[in-house]
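Asks: Attaching a single structure in structure tokens format; questions to follow.
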Amino acid sequence: MPKENDEIKPASLLEKEPGSRVSYEEFTDERMLVSHDAFGNKQMKIKVVEVSDEAPPSKWKFGDRVKVTKILVTIKHIATQQVEEAEFDIEAIERELAEKRHYTSTNRWVPASDIKNGYVVGSKHTRLISDASALDYIVF
């Protein structure tokens, strides 16, 4: 039970306590967290760094979701084993794209069930990096 001055934050979705054991239900296969480019030359993982405390507009229709604010993208080049890593403020990129290109395509609301051990499942990667790709911050 949290104390009065303890902050309750959605970070519980992001990290487990160091050294804690993972139950069978919480176990996540690494392959579920990785997405590949069209040619199979690169792998990408997205770690959620920060989520907004904003409440979802309609929980009954779309389920339990969180609004992702910052992500850490890790891209591994399979041929060379080179790893690139960068942190992105999705909210700032979304504003920049709306200003420069007069549109935005990012949907930062991700179902809480699609965040496993602090990482976004591979099937949701495109929705988080679409604006960064449009501005050529990420080439994947």
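Simple scheme: letters A, B, ... for chains in structure tokens order, numbers from 1 for residues in each chain, numbers from 1 for ligands in the order shown.
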Write out as a PyMOL selection string which residues come within 9 Å of segment 102-114 of chain A when counting only C-alpha atoms, dropping same-chain ones fewer than 3 positions away.

Replies: chain A and resi 13+56+62-69+90-91+94-99+119-124+126-131

Asks: Would you mind exporting the chosen residues as a compact mmCIF listing (two decimals), in the first residue's frame, restricted to C-alpha atoms?

Replies:
# COMPACT_ATOMS: atom_id res chain seq x y z
CA LEU A 13 4.60 -0.88 -16.73
CA PRO A 56 -7.44 7.64 -22.11
CA PHE A 62 -10.40 0.75 -26.73
CA GLY A 63 -9.42 -0.92 -23.45
CA ASP A 64 -6.66 0.00 -21.03
CA ARG A 65 -4.11 2.16 -22.87
CA VAL A 66 -1.19 4.44 -21.99
CA LYS A 67 0.06 7.47 -23.89
CA VAL A 68 3.76 7.00 -24.70
CA THR A 69 5.84 10.19 -24.56
CA ILE A 90 7.46 11.40 -29.71
CA GLU A 91 5.39 14.37 -28.62
CA GLU A 94 4.61 14.93 -33.62
CA ARG A 95 4.44 18.74 -33.16
CA GLU A 96 7.36 19.25 -35.57
CA LEU A 97 5.74 17.12 -38.27
CA ALA A 98 2.41 18.89 -37.89
CA GLU A 99 4.21 22.23 -38.27
CA TYR A 119 9.36 -2.87 -24.27
CA VAL A 120 6.67 -2.38 -26.91
CA VAL A 121 5.71 -5.53 -28.83
CA GLY A 122 6.95 -5.56 -32.43
CA SER A 123 3.50 -5.27 -33.98
CA LYS A 124 3.11 -1.75 -32.48
CA THR A 126 5.23 1.33 -36.73
CA ARG A 127 2.61 3.38 -34.91
CA LEU A 128 5.26 4.86 -32.60
CA ILE A 129 7.96 5.67 -35.17
CA SER A 130 5.88 6.75 -38.17
CA ASP A 131 6.42 10.50 -37.64

Asks: When you count only C-alpha atoms, which of these residues is closest to His125 of chain A: A:Glu85, A:His77, A:Ser35, A:Asn41?

Replies: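 Using only C-alpha atoms, the shortest distance to His125 of chain A belongs to A:Ser35.
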
Asks: Determine, counting only C-alpha atoms, which protein, DNA and RNA residues have an atom within 9 Å of an atom of Leu72 of chain A; residues of the same chain fewer than 3 positions away are not included. Present the result as a list in words.

Replies: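 Contacts, in chain order: Lys45, Ile46, Lys47, Val48, Val49, Glu85, Ala86, Glu87 and Phe88 of chain A.
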
Asks: Go ahead and compute the interatomic distance for atom CA of Ala134 of chain A and atom CA of Arg101 of chain A, in Å to one decimal.

Replies: 9.3 Å
